file upload_24.txt (compact mmCIF, C-alpha atoms and all ligand atoms)
# COMPACT_ATOMS: atom_id res chain seq x y z
CA MET L 818 284.17 176.87 69.76
CA GLU L 819 280.56 176.97 68.55
CA ILE L 820 280.96 177.65 64.86
CA ASP L 821 277.25 178.26 64.25
CA ASN L 822 277.14 181.04 66.82
CA LYS L 823 279.93 183.06 65.31
CA SER L 824 278.65 186.30 63.87
CA SER L 825 281.89 188.10 62.97
CA ASP L 826 283.10 188.30 59.43
CA PHE L 827 286.35 186.41 59.05
CA LEU L 828 286.54 186.60 55.30
CA HIS L 829 289.24 189.29 55.49
CA ILE L 830 291.60 186.60 56.87
CA GLY L 831 291.21 184.52 53.72
CA ASN L 832 291.67 187.63 51.57
CA LYS L 833 294.88 188.54 53.38
CA LEU L 834 296.15 185.02 52.76
CA LEU L 835 295.30 185.27 49.06
CA ASN L 836 297.10 188.58 48.82
CA TRP L 837 300.16 187.14 50.58
CA TYR L 838 300.07 184.06 48.34
CA GLY L 839 299.91 186.26 45.23
CA LYS L 840 303.26 187.78 46.19
CA ASN L 841 304.94 184.85 47.92
CA ALA L 842 303.74 181.63 46.26
CA ARG L 843 306.58 179.14 46.07
CA ASP L 844 307.86 178.70 42.55
CA LEU L 845 307.21 174.97 42.15
CA PRO L 846 307.01 173.09 38.83
CA PHE L 847 303.44 171.91 39.40
CA ARG L 848 302.36 175.50 40.04
CA GLN L 849 302.85 176.23 36.32
CA THR L 850 300.09 173.82 35.33
CA LYS L 851 296.38 173.20 35.82
CA ASP L 852 296.68 169.66 34.48
CA PRO L 853 294.66 167.62 37.01
CA TYR L 854 296.80 164.53 36.39
CA LYS L 855 299.99 166.35 37.40
CA ILE L 856 298.34 168.11 40.35
CA TRP L 857 296.98 164.76 41.55
CA ILE L 858 300.39 163.06 41.32
CA CYS L 859 302.07 165.93 43.11
CA GLU L 860 299.48 165.90 45.91
CA ILE L 861 300.11 162.17 46.45
CA VAL L 862 303.91 162.46 46.21
CA PHE L 863 304.12 165.37 48.65
CA GLN L 864 301.62 164.12 51.20
CA GLN L 865 304.35 162.76 53.48
CA THR L 866 307.45 164.07 51.75
CA ARG L 867 309.10 167.47 51.97
CA ILE L 868 309.16 169.39 48.68
CA SER L 869 312.98 169.44 48.63
CA GLN L 870 313.11 165.66 49.11
CA GLY L 871 310.36 164.73 46.67
CA LEU L 872 310.96 167.11 43.78
CA ASN L 873 313.38 164.89 41.85
CA HIS L 874 311.10 161.88 42.30
CA TYR L 875 308.12 163.88 41.10
CA ASN L 876 309.99 165.15 38.02
CA ASN L 877 311.28 161.67 37.12
CA PHE L 878 307.83 160.16 37.60
CA ILE L 879 306.16 162.77 35.36
CA LYS L 880 308.90 162.43 32.75
CA ARG L 881 308.29 158.68 32.47
CA PHE L 882 304.49 158.83 32.95
CA PRO L 883 303.49 162.22 31.50
CA ASP L 884 299.77 161.46 31.32
CA VAL L 885 297.04 159.15 32.57
CA LYS L 886 297.24 156.86 29.54
CA THR L 887 300.98 156.23 29.85
CA LEU L 888 300.58 155.45 33.54
CA ALA L 889 297.58 153.17 33.00
CA GLU L 890 299.44 151.16 30.34
CA ALA L 891 302.62 150.72 32.40
CA GLU L 892 303.49 147.56 34.32
CA GLU L 893 302.83 147.84 38.04
CA ASN L 894 306.42 146.89 38.86
CA GLU L 895 307.74 149.75 36.75
CA VAL L 896 305.45 152.20 38.56
CA LEU L 897 306.79 150.86 41.86
CA LEU L 898 310.32 151.30 40.58
CA TYR L 899 309.71 154.98 39.80
CA TRP L 900 308.21 155.38 43.27
CA LYS L 901 311.40 154.04 44.84
CA GLY L 902 312.65 156.29 47.63
CA LEU L 903 309.24 157.84 48.36
CA GLY L 904 308.00 155.03 50.61
CA TYR L 905 304.27 154.37 51.12
CA TYR L 906 304.27 152.05 48.10
CA SER L 907 300.54 151.36 48.42
CA ARG L 908 300.06 154.90 47.11
CA ALA L 909 301.91 154.00 43.91
CA ILE L 910 299.74 150.89 43.51
CA ASN L 911 296.62 153.01 44.05
CA ILE L 912 297.52 155.74 41.56
CA HIS L 913 298.26 153.05 39.00
CA LYS L 914 294.83 151.47 39.58
CA ALA L 915 293.15 154.90 39.60
CA SER L 916 294.73 155.76 36.23
CA GLN L 917 293.16 152.60 34.80
CA GLN L 918 289.85 153.61 36.39
CA ILE L 919 290.09 156.99 34.59
CA ILE L 920 290.70 155.20 31.28
CA ASN L 921 287.91 152.67 31.79
CA ASP L 922 285.23 154.66 33.62
CA TYR L 923 285.87 158.23 32.43
CA GLN L 924 287.04 157.65 28.82
CA GLY L 925 290.54 158.76 29.81
CA VAL L 926 289.40 162.23 30.91
CA PHE L 927 290.23 163.21 34.49
CA PRO L 928 286.92 163.78 36.34
CA ALA L 929 286.31 167.42 37.27
CA ASP L 930 283.77 166.98 40.02
CA TYR L 931 284.86 166.58 43.67
CA ASP L 932 282.58 163.58 44.26
CA GLU L 933 283.80 161.83 41.12
CA ILE L 934 287.47 162.45 41.97
CA LEU L 935 286.74 160.96 45.38
CA LYS L 936 285.73 157.70 43.70
CA LEU L 937 289.26 157.16 42.37
CA LYS L 938 291.26 154.48 44.11
CA GLY L 939 293.30 155.87 47.00
CA VAL L 940 291.95 159.41 46.69
CA GLY L 941 290.74 160.96 49.94
CA LYS L 942 288.84 164.14 50.70
CA TYR L 943 291.98 166.26 50.94
CA THR L 944 293.30 165.25 47.50
CA ALA L 945 289.87 165.49 45.86
CA ALA L 946 289.42 168.99 47.26
CA ALA L 947 292.91 170.07 46.20
CA VAL L 948 292.58 168.79 42.62
CA SER L 949 289.02 170.02 42.09
CA SER L 950 289.74 173.49 43.52
CA ILE L 951 293.10 174.04 41.79
CA CYS L 952 292.07 172.66 38.39
CA PHE L 953 288.29 173.03 38.15
CA GLU L 954 287.33 175.93 40.45
CA GLY L 955 285.89 173.48 42.99
CA LYS L 956 284.77 174.99 46.29
CA MET L 957 285.95 172.46 48.89
CA PRO L 958 288.73 173.36 51.35
CA ALA L 959 291.68 170.94 51.20
CA VAL L 960 291.72 170.27 54.93
CA ASP L 961 294.86 168.57 56.22
CA GLY L 962 297.31 169.02 59.08
CA ASN L 963 298.19 172.51 57.84
CA PHE L 964 294.55 173.60 58.12
CA TYR L 965 294.23 172.07 61.59
CA ARG L 966 297.32 173.89 62.80
CA VAL L 967 296.73 177.30 61.20
CA LEU L 968 293.01 177.54 61.97
CA SER L 969 293.28 176.25 65.52
CA ARG L 970 295.95 178.91 66.17
CA ILE L 971 294.10 181.77 64.47
CA PHE L 972 290.97 181.06 66.52
CA ALA L 973 292.81 179.70 69.58
CA ASP L 974 290.47 176.79 69.14
CA ASP L 975 291.01 173.79 71.37
CA PHE L 976 289.00 171.30 69.31
CA ASP L 977 290.93 168.02 69.59
CA ILE L 978 292.41 167.12 66.18
CA SER L 979 292.50 163.43 67.13
CA ASN L 980 288.70 163.53 67.44
CA SER L 981 286.97 161.66 64.61
CA ARG L 982 284.91 164.79 63.87
CA ALA L 983 288.01 167.00 63.42
CA PHE L 984 287.88 166.92 59.62
CA SER L 985 284.29 168.07 59.50
CA TYR L 986 284.84 170.65 62.27
CA PHE L 987 287.86 172.26 60.61
CA SER L 988 286.11 172.18 57.22
CA GLN L 989 283.39 174.36 58.73
CA LEU L 990 285.98 176.62 60.32
CA ALA L 991 287.76 176.92 56.95
CA ALA L 992 284.47 177.93 55.32
CA LEU L 993 284.38 181.02 57.58
CA VAL L 994 287.61 182.42 56.18
CA MET L 995 287.46 180.98 52.66
CA PRO L 996 287.30 183.49 49.82
CA GLU L 997 285.82 182.87 46.35
CA ASN L 998 289.13 181.65 44.86
CA VAL L 999 289.33 178.37 46.78
CA GLY L 1000 292.12 176.92 44.63
CA ASP L 1001 294.56 179.69 45.55
CA PHE L 1002 293.28 179.77 49.12
CA ASN L 1003 294.04 176.05 49.52
CA GLN L 1004 297.53 176.57 48.14
CA ALA L 1005 298.04 179.62 50.35
CA MET L 1006 297.17 177.50 53.40
CA MET L 1007 299.62 174.80 52.24
CA ASP L 1008 302.41 177.38 51.87
CA LEU L 1009 301.60 179.19 55.11
CA GLY L 1010 301.49 175.90 57.02
CA SER L 1011 304.78 174.63 55.68
CA GLU L 1012 306.79 177.88 55.48
CA ILE L 1013 305.46 180.16 58.24
CA CYS L 1014 303.01 178.53 60.63
CA LYS L 1015 305.32 175.57 61.26
CA PRO L 1016 304.53 172.97 63.90
CA LYS L 1017 307.40 174.20 66.09
CA ASN L 1018 308.58 177.79 66.32
CA PRO L 1019 306.13 179.41 63.86
CA LEU L 1020 307.49 182.56 62.22
CA CYS L 1021 304.66 184.76 63.49
CA GLY L 1022 306.56 187.98 62.78
CA GLU L 1023 306.38 187.18 59.06
CA CYS L 1024 302.81 185.91 59.07
CA PRO L 1025 300.28 187.83 56.96
CA VAL L 1026 297.48 187.14 59.44
CA ASN L 1027 299.29 187.75 62.73
CA ASP L 1028 296.96 190.70 63.48
CA ASP L 1029 294.04 188.26 63.39
CA CYS L 1030 295.68 185.38 65.23
CA LEU L 1031 294.38 184.86 68.73
CA ALA L 1032 297.02 182.31 69.75
CA PHE L 1033 299.74 184.79 68.72
CA SER L 1034 298.22 187.66 70.65
CA LEU L 1035 297.82 185.40 73.70
CA GLU L 1036 301.40 184.13 73.23
CA LYS L 1037 300.06 180.59 73.21
CA THR L 1038 300.93 179.34 69.74
CA SER L 1039 302.55 176.20 71.15
CA ASP L 1040 299.22 175.22 72.79
CA TYR L 1041 297.62 174.63 69.37
CA PRO L 1042 296.55 172.41 67.76
CA VAL L 1043 295.28 170.29 70.64
CA LYS L 1044 295.86 166.57 70.19
CA THR L 1045 295.09 164.17 73.03
CA LYS L 1046 295.28 160.73 71.47
CA LYS L 1047 298.61 159.48 70.25
CA VAL L 1048 298.69 156.39 68.06
CA LYS L 1049 301.08 153.95 69.68
CA ALA L 1050 303.48 152.27 67.27
CA GLU L 1051 303.20 148.49 67.32
CA ASP L 1052 306.34 146.30 67.63
CA LEU L 1053 306.80 143.80 64.84
CA ALA L 1054 309.57 141.22 64.31
CA LEU L 1055 310.47 140.00 60.81
CA LYS L 1056 312.92 137.31 59.79
CA TYR L 1057 314.65 136.99 56.40
CA TYR L 1058 317.28 134.81 54.79
CA PHE L 1059 319.63 136.37 52.27
CA VAL L 1060 320.29 133.16 50.32
CA HIS L 1061 323.05 133.64 47.77
CA ARG L 1062 325.62 131.88 45.66
CA ASN L 1063 328.21 133.32 43.23
CA GLY L 1064 326.63 136.80 43.18
CA GLN L 1065 323.10 135.51 42.69
CA PHE L 1066 320.43 135.68 45.40
CA LEU L 1067 316.80 134.73 45.94
CA ILE L 1068 313.80 137.04 46.19
CA GLN L 1069 310.02 136.92 46.05
CA GLN L 1070 307.31 139.52 45.59
CA ARG L 1071 305.16 140.37 48.59
CA LYS L 1072 301.41 139.94 48.37
CA ASP L 1073 298.96 142.81 48.08
CA ASP L 1074 298.31 142.98 51.81
CA PHE L 1075 299.85 144.21 55.05
CA ILE L 1076 303.02 146.34 54.87
CA TRP L 1077 305.27 146.75 51.82
CA LYS L 1078 302.62 145.58 49.37
CA LYS L 1079 304.03 144.18 46.13
CA LEU L 1080 307.65 145.00 47.00
CA PHE L 1081 310.35 142.35 46.73
CA GLU L 1082 311.82 140.62 49.76
CA PHE L 1083 314.19 137.78 50.67
CA PRO L 1084 312.93 134.29 51.58
CA VAL L 1085 311.30 134.11 55.00
CA SER L 1086 312.30 130.51 55.67
CA ILE L 1087 314.91 127.99 54.55
CA SER L 1088 315.24 124.20 54.60
CA THR L 1089 317.38 122.54 57.29
CA GLU L 1090 319.80 121.63 54.52
CA LEU L 1091 320.68 125.35 54.17
CA GLU L 1092 321.21 126.04 57.86
CA PRO L 1093 324.92 125.04 57.92
CA PHE L 1094 325.57 127.80 55.36
CA ILE L 1095 324.40 130.63 57.64
CA ARG L 1096 327.46 132.90 57.98
CA ASN L 1097 326.10 135.63 60.22
CA VAL L 1098 322.88 137.22 61.38
CA ARG L 1099 322.27 140.96 61.34
CA THR L 1100 319.51 142.72 63.27
CA ILE L 1101 318.13 145.95 61.86
CA LYS L 1102 315.71 148.37 63.54
CA HIS L 1103 313.38 150.28 61.24
CA LYS L 1104 310.43 152.57 61.92
CA LEU L 1105 307.29 152.79 59.82
CA THR L 1106 304.48 155.22 60.61
CA HIS L 1107 302.72 152.92 63.08
CA LYS L 1108 305.22 150.08 63.40
CA ASN L 1109 308.58 149.58 65.06
CA LEU L 1110 310.24 146.81 63.09
CA THR L 1111 313.02 144.51 64.24
CA ILE L 1112 314.34 142.71 61.19
CA GLU L 1113 316.69 139.77 61.51
CA ILE L 1114 318.53 138.88 58.31
CA SER L 1115 320.58 135.69 58.08
CA ASN L 1116 323.33 135.71 55.52
CA VAL L 1117 323.21 132.26 53.85
CA ASP L 1118 326.22 131.71 51.59
CA VAL L 1119 325.36 128.46 49.81
CA GLU L 1120 328.72 126.97 48.93
CA SER L 1121 327.27 123.72 47.60
CA GLU L 1122 326.01 123.73 44.02
CA ASP L 1123 323.83 120.68 44.76
CA VAL L 1124 322.10 122.24 47.76
CA TRP L 1125 321.54 125.50 45.85
CA SER L 1126 320.04 123.63 42.87
CA ARG L 1127 317.76 121.56 45.08
CA PHE L 1128 316.54 124.56 47.08
CA THR L 1129 315.86 126.72 44.03
CA ALA L 1130 314.14 123.84 42.22
CA GLN L 1131 311.83 123.14 45.15
CA ASN L 1132 310.82 126.76 45.75
CA GLN L 1133 309.23 129.51 43.70
CA TYR L 1134 311.87 132.13 44.40
CA ILE L 1135 313.18 134.46 41.69
CA ILE L 1136 316.92 134.19 41.16
CA THR L 1137 318.43 137.61 40.67
CA ASP L 1138 321.82 139.29 40.91
CA PHE L 1139 322.97 142.66 42.17
CA GLU L 1140 322.70 144.35 38.79
CA ALA L 1141 319.24 143.00 37.96
CA SER L 1142 317.99 143.82 41.46
CA HIS L 1143 318.21 147.56 40.59
CA ASP L 1144 315.10 147.04 38.46
CA LYS L 1145 313.09 145.90 41.46
CA SER L 1146 311.71 147.80 44.42
CA PHE L 1147 312.68 146.53 47.87
CA PRO L 1148 311.67 147.85 51.28
CA LYS L 1149 314.29 150.36 52.46
CA PRO L 1150 315.99 148.09 55.06
CA LEU L 1151 316.41 145.27 52.51
CA GLU L 1152 317.63 147.70 49.87
CA ASN L 1153 320.21 148.97 52.36
CA TYR L 1154 321.21 145.41 53.24
CA ILE L 1155 321.90 144.64 49.57
CA GLN L 1156 323.92 147.85 49.17
CA ASN L 1157 325.94 147.17 52.31
CA TYR L 1158 326.55 143.60 51.24
CA LEU L 1159 327.99 144.91 47.98
CA LYS L 1160 330.38 147.18 49.89
CA ASP L 1161 331.61 144.39 52.23
S1 LIG L 1201 300.51 184.39 63.70
FE1 LIG L 1201 301.82 182.66 64.06
S2 LIG L 1201 300.53 181.10 64.97
FE2 LIG L 1201 299.19 182.64 64.06
S3 LIG L 1201 298.75 181.83 62.05
FE3 LIG L 1201 300.48 183.20 61.85
S4 LIG L 1201 302.29 181.88 62.04
FE4 LIG L 1201 300.52 180.72 62.77
call {"tool": "encode", "arguments": {"input": "upload_24.txt", "output": "structure tokens"}}
result
Amino acid sequence: MEIDNKSSDFLHIGNKLLNWYGKNARDLPFRQTKDPYKIWICEIVFQQTRISQGLNHYNNFIKRFPDVKTLAEAEENEVLLYWKGLGYYSRAINIHKASQQIINDYQGVFPADYDEILKLKGVGKYTAAAVSSICFEGKMPAVDGNFYRVLSRIFADDFDISNSRAFSYFSQLAALVMPENVGDFNQAMMDLGSEICKPKNPLCGECPVNDDCLAFSLEKTSDYPVKTKKVKAEDLALKYYFVHRNGQFLIQQRKDDFIWKKLFEFPVSISTELEPFIRNVRTIKHKLTHKNLTIEISNVDVESEDVWSRFTAQNQYIITDFEASHDKSFPKPLENYIQNYLKD
């Protein structure tokens, strides 16, 4: 669709959405505040997590880190611990760094301007638009998958959302329907996308803009949005050794690169002296967004005190036990392995 050539007035669509949102906005804890810190955290927490799944995590996180200063002063490992269960741990590392940026570069005051918010570590255009519009009357649409889906259906627009220009294209499309109150409009689009205009089986009968929706009138809602390119998940094999003795086991912290940044893991190699103590090997399949992992974990029950002492003395591993390990964040499959080991 040629956006520039469109002459019709589509503003009534945005106004209908605002009206609907005024009566149907979900009653969520972060809707009672305009505190940019809390809105920012909630936008990051709920980017890949359903509200029902993430709400407890969000509440616990805010309870422990109620403001930028508390978060900036916390230890990174504690921030990771409070992020446990949400996945995407690099986001926790980024919000921690960004909180320190706010303290150092903005005198502890959350920046109000879209372009300044965008400078914060880990903050993308969507989050900057959401925070600036909800908290500071910013005028940028918070374009995400909800916008792609809703707008492409309303206009029966076949612009490919895997195209690198999709963000800019749908931002222009959003501008056609966007009313003055962009903060509420952005939230209305979030609610409509997640509650009504769902990816599969949208509830068009309940939709406030079904009179304006071309895909609905053409009975082609399942044709939109158009996405041609699918990112193929890469296969990746990992190998770990669960080296333990008398309830203690060895771990190390991952580096700040690749997957599972800064989380704790088991040793990735052992000396030949430990090999006779391998009791069994378990293979676990685990999916990340763009990776299919095959994780092989060898259970190494070191019965010899001498061998254990030599191995721990020669390596930099942290010796922990099941109780102390609760204070550390592990990737989900390793966390599950520890829990299952406890049950066996
Ligand atoms: S009518 Fe249906 S397809 Fe169109 S915007 Fe509403 S829910 Fe989405």
call {"tool": "closest_atom_pairs", "arguments": {"input": "upload_24.txt", "of": "chain L", "to": "ligand LIG 1201 (chain L)", "cutoff": "9 Å", "atoms": "only C-alpha atoms and all ligand atoms", "output": "Markdown table"}}
result
| residue | atom | partner | partner_atom | distance |
| --- | --- | --- | --- | --- |
| L:Arg966 | CA | L:LIG1201 | FE4 | 7.5 |
| L:Val967 | CA | L:LIG1201 | S3 | 5.0 |
| L:Leu968 | CA | L:LIG1201 | S3 | 7.2 |
| L:Ser969 | CA | L:LIG1201 | S3 | 8.5 |
| L:Arg970 | CA | L:LIG1201 | S2 | 5.2 |
| L:Ile971 | CA | L:LIG1201 | FE2 | 5.2 |
| L:Phe972 | CA | L:LIG1201 | FE2 | 8.7 |
| L:Ala973 | CA | L:LIG1201 | FE2 | 8.9 |
| L:Leu1009 | CA | L:LIG1201 | S4 | 7.5 |
| L:Gly1010 | CA | L:LIG1201 | FE4 | 7.6 |
| L:Glu1012 | CA | L:LIG1201 | S4 | 8.9 |
| L:Ile1013 | CA | L:LIG1201 | S4 | 5.2 |
| L:Cys1014 | CA | L:LIG1201 | S4 | 3.7 |
| L:Lys1015 | CA | L:LIG1201 | S4 | 7.0 |
| L:Pro1016 | CA | L:LIG1201 | FE4 | 8.8 |
| L:Asn1018 | CA | L:LIG1201 | FE1 | 8.6 |
| L:Pro1019 | CA | L:LIG1201 | S4 | 4.9 |
| L:Leu1020 | CA | L:LIG1201 | S4 | 5.2 |
| L:Cys1021 | CA | L:LIG1201 | FE1 | 3.6 |
| L:Gly1022 | CA | L:LIG1201 | S1 | 7.1 |
| L:Glu1023 | CA | L:LIG1201 | S4 | 7.3 |
| L:Cys1024 | CA | L:LIG1201 | FE3 | 4.5 |
| L:Pro1025 | CA | L:LIG1201 | FE3 | 6.7 |
| L:Val1026 | CA | L:LIG1201 | FE3 | 5.5 |
| L:Asn1027 | CA | L:LIG1201 | S1 | 3.7 |
| L:Asp1028 | CA | L:LIG1201 | S1 | 7.2 |
| L:Asp1029 | CA | L:LIG1201 | S1 | 7.5 |
| L:Cys1030 | CA | L:LIG1201 | FE2 | 4.6 |
| L:Leu1031 | CA | L:LIG1201 | FE2 | 7.1 |
| L:Ala1032 | CA | L:LIG1201 | S2 | 6.1 |
| L:Phe1033 | CA | L:LIG1201 | S1 | 5.1 |
| L:Ser1034 | CA | L:LIG1201 | S1 | 8.0 |
| L:Glu1036 | CA | L:LIG1201 | S2 | 8.8 |
| L:Lys1037 | CA | L:LIG1201 | S2 | 8.3 |
| L:Thr1038 | CA | L:LIG1201 | S2 | 5.1 |
| L:Ser1039 | CA | L:LIG1201 | S2 | 8.1 |
| L:Tyr1041 | CA | L:LIG1201 | S2 | 8.3 |
call {"tool": "residues_around", "arguments": {"input": "upload_24.txt", "residues": "Asp884 in chain L", "least_positions_apart": "5", "cutoff": "8 Å", "atoms": "all atoms listed in the file", "output": "CSV table (one decimal) with C-alpha atoms, in the coordinates of the input"}}
result
chain,number,residue,atom,x,y,z
L,854,TYR,CA,296.8,164.5,36.4
L,855,LYS,CA,300.0,166.4,37.4
L,879,ILE,CA,306.2,162.8,35.4
call {"tool": "closest_residue", "arguments": {"input": "upload_24.txt", "among": "L:Lys1044, L:Ile1135, L:Val994, L:Lys1108", "to": "Val1060 in chain L", "atoms": "all atoms listed in the file"}}
result
L:Ile1135
call {"tool": "atom_distance", "arguments": {"input": "upload_24.txt", "atom1": "CA of His913 in chain L", "atom2": "CA of Ala1050 in chain L"}}
result
28.8 Å
call {"tool": "closest_residue", "arguments": {"input": "upload_24.txt", "among": "L:Asp932, L:Glu1152, L:Asp1008, L:Asp1040", "to": "Phe1081 in chain L", "atoms": "all atoms listed in the file"}}
result
L:Glu1152
call {"tool": "closest_residue", "arguments": {"input": "upload_24.txt", "among": "L:Asn998, L:Asn1063, L:Thr1111, L:Gln1131", "to": "Gly839 in chain L", "atoms": "all atoms listed in the file"}}
result
L:Asn998
call {"tool": "closest_residue", "arguments": {"input": "upload_24.txt", "among": "L:Arg1127, L:Arg1071, L:Arg848, L:Arg1099", "to": "Asn894 in chain L", "atoms": "all atoms listed in the file"}}
result
L:Arg1071
call {"tool": "closest_residue", "arguments": {"input": "upload_24.txt", "among": "L:Tyr875, L:Tyr1057, L:Phe1094, L:Trp1077", "to": "Ile858 in chain L", "atoms": "only C-alpha atoms"}}
result
L:Tyr875
call {"tool": "residues_near_point", "arguments": {"input": "upload_24.txt", "point": "(290.5, 159.4, 28.3)", "cutoff": "12 Å", "atoms": "only C-alpha atoms", "output": "list in words"}}
result
Tyr854, Asp884, Val885, Lys886, Thr887, Ala889, Ser916, Gln917, Gln918, Ile919, Ile920, Asn921, Asp922, Tyr923, Gln924, Gly925, Val926, Phe927 and Pro928 of chain L
call {"tool": "atom_distance", "arguments": {"input": "upload_24.txt", "atom1": "CA of Pro1042 in chain L", "atom2": "CA of His1107 in chain L"}}
result
21.0 Å
call {"tool": "atom_distance", "arguments": {"input": "upload_24.txt", "atom1": "CA of Ser981 in chain L", "atom2": "CA of Lys1049 in chain L"}}
result
16.9 Å
call {"tool": "closest_residue", "arguments": {"input": "upload_24.txt", "among": "L:Met1007, L:Ile912, L:Asn841, L:Asp974", "to": "Pro958 in chain L", "atoms": "all atoms listed in the file"}}
result
L:Met1007
call {"tool": "residues_around", "arguments": {"input": "upload_24.txt", "residues": "Thr1129 in chain L", "least_positions_apart": "6", "cutoff": "12 Å", "atoms": "all atoms listed in the file", "output": "list in words"}}
result
Val1060, His1061, Arg1062, Gln1065, Phe1066, Leu1067, Ile1068, Gln1069, Pro1084, Ile1087, Ser1088, Leu1091, Val1119, Glu1122, Asp1123, Ile1135, Ile1136 and Thr1137 of chain L
call {"tool": "residues_near_point", "arguments": {"input": "upload_24.txt", "point": "(292.8, 167.8, 44.0)", "cutoff": "8 Å", "atoms": "only C-alpha atoms", "output": "list in words"}}
result
Pro853, Ile856, Trp857, Glu860, Ile934, Tyr943, Thr944, Ala945, Ala946, Ala947, Val948, Ser949, Ser950, Ile951, Cys952 and Ala959 of chain L
call {"tool": "decode", "arguments": {"input": "upload_24.txt", "residues": "range 970-984 of chain L", "atoms": "N, CA and C atoms", "output": "short mmCIF file (atom, residue, chain, number, x, y, z; two decimals), in the first residue's frame"}}
result
data_model
loop_
_atom_site.label_atom_id
_atom_site.label_comp_id
_atom_site.auth_asym_id
_atom_site.auth_seq_id
_atom_site.Cartn_x
_atom_site.Cartn_y
_atom_site.Cartn_z
N ARG L 970 -4.12 -6.03 9.27
CA ARG L 970 -5.48 -6.57 9.09
C ARG L 970 -6.47 -5.45 8.78
N ILE L 971 -6.38 -4.35 9.53
CA ILE L 971 -7.34 -3.25 9.29
C ILE L 971 -7.26 -2.78 7.83
N PHE L 972 -6.02 -2.65 7.33
CA PHE L 972 -5.85 -2.13 5.97
C PHE L 972 -5.69 -3.25 4.93
N ALA L 973 -5.82 -4.50 5.37
CA ALA L 973 -5.54 -5.65 4.48
C ALA L 973 -4.26 -5.38 3.70
N ASP L 974 -3.25 -5.04 4.46
CA ASP L 974 -1.99 -4.60 3.87
C ASP L 974 -0.99 -5.76 3.84
N ASP L 975 -0.49 -6.06 2.65
CA ASP L 975 0.38 -7.23 2.55
C ASP L 975 1.88 -6.89 2.64
N PHE L 976 2.20 -5.76 3.25
CA PHE L 976 3.62 -5.44 3.43
C PHE L 976 4.24 -6.54 4.31
N ASP L 977 5.37 -7.08 3.85
CA ASP L 977 6.00 -8.22 4.52
C ASP L 977 6.65 -7.78 5.85
N ILE L 978 6.20 -8.34 6.96
CA ILE L 978 6.73 -7.89 8.26
C ILE L 978 8.15 -8.41 8.51
N SER L 979 8.63 -9.32 7.67
CA SER L 979 10.04 -9.74 7.83
C SER L 979 10.98 -8.83 7.03
N ASN L 980 10.40 -7.88 6.30
CA ASN L 980 11.19 -6.91 5.55
C ASN L 980 11.88 -5.95 6.53
N SER L 981 13.13 -5.58 6.25
CA SER L 981 13.85 -4.72 7.18
C SER L 981 13.22 -3.32 7.31
N ARG L 982 12.36 -2.96 6.36
CA ARG L 982 11.70 -1.65 6.44
C ARG L 982 10.34 -1.72 7.13
N ALA L 983 9.99 -2.90 7.67
CA ALA L 983 8.65 -3.06 8.26
C ALA L 983 8.40 -2.07 9.40
N PHE L 984 9.40 -1.87 10.25
CA PHE L 984 9.19 -0.99 11.40
C PHE L 984 8.82 0.42 10.93
#
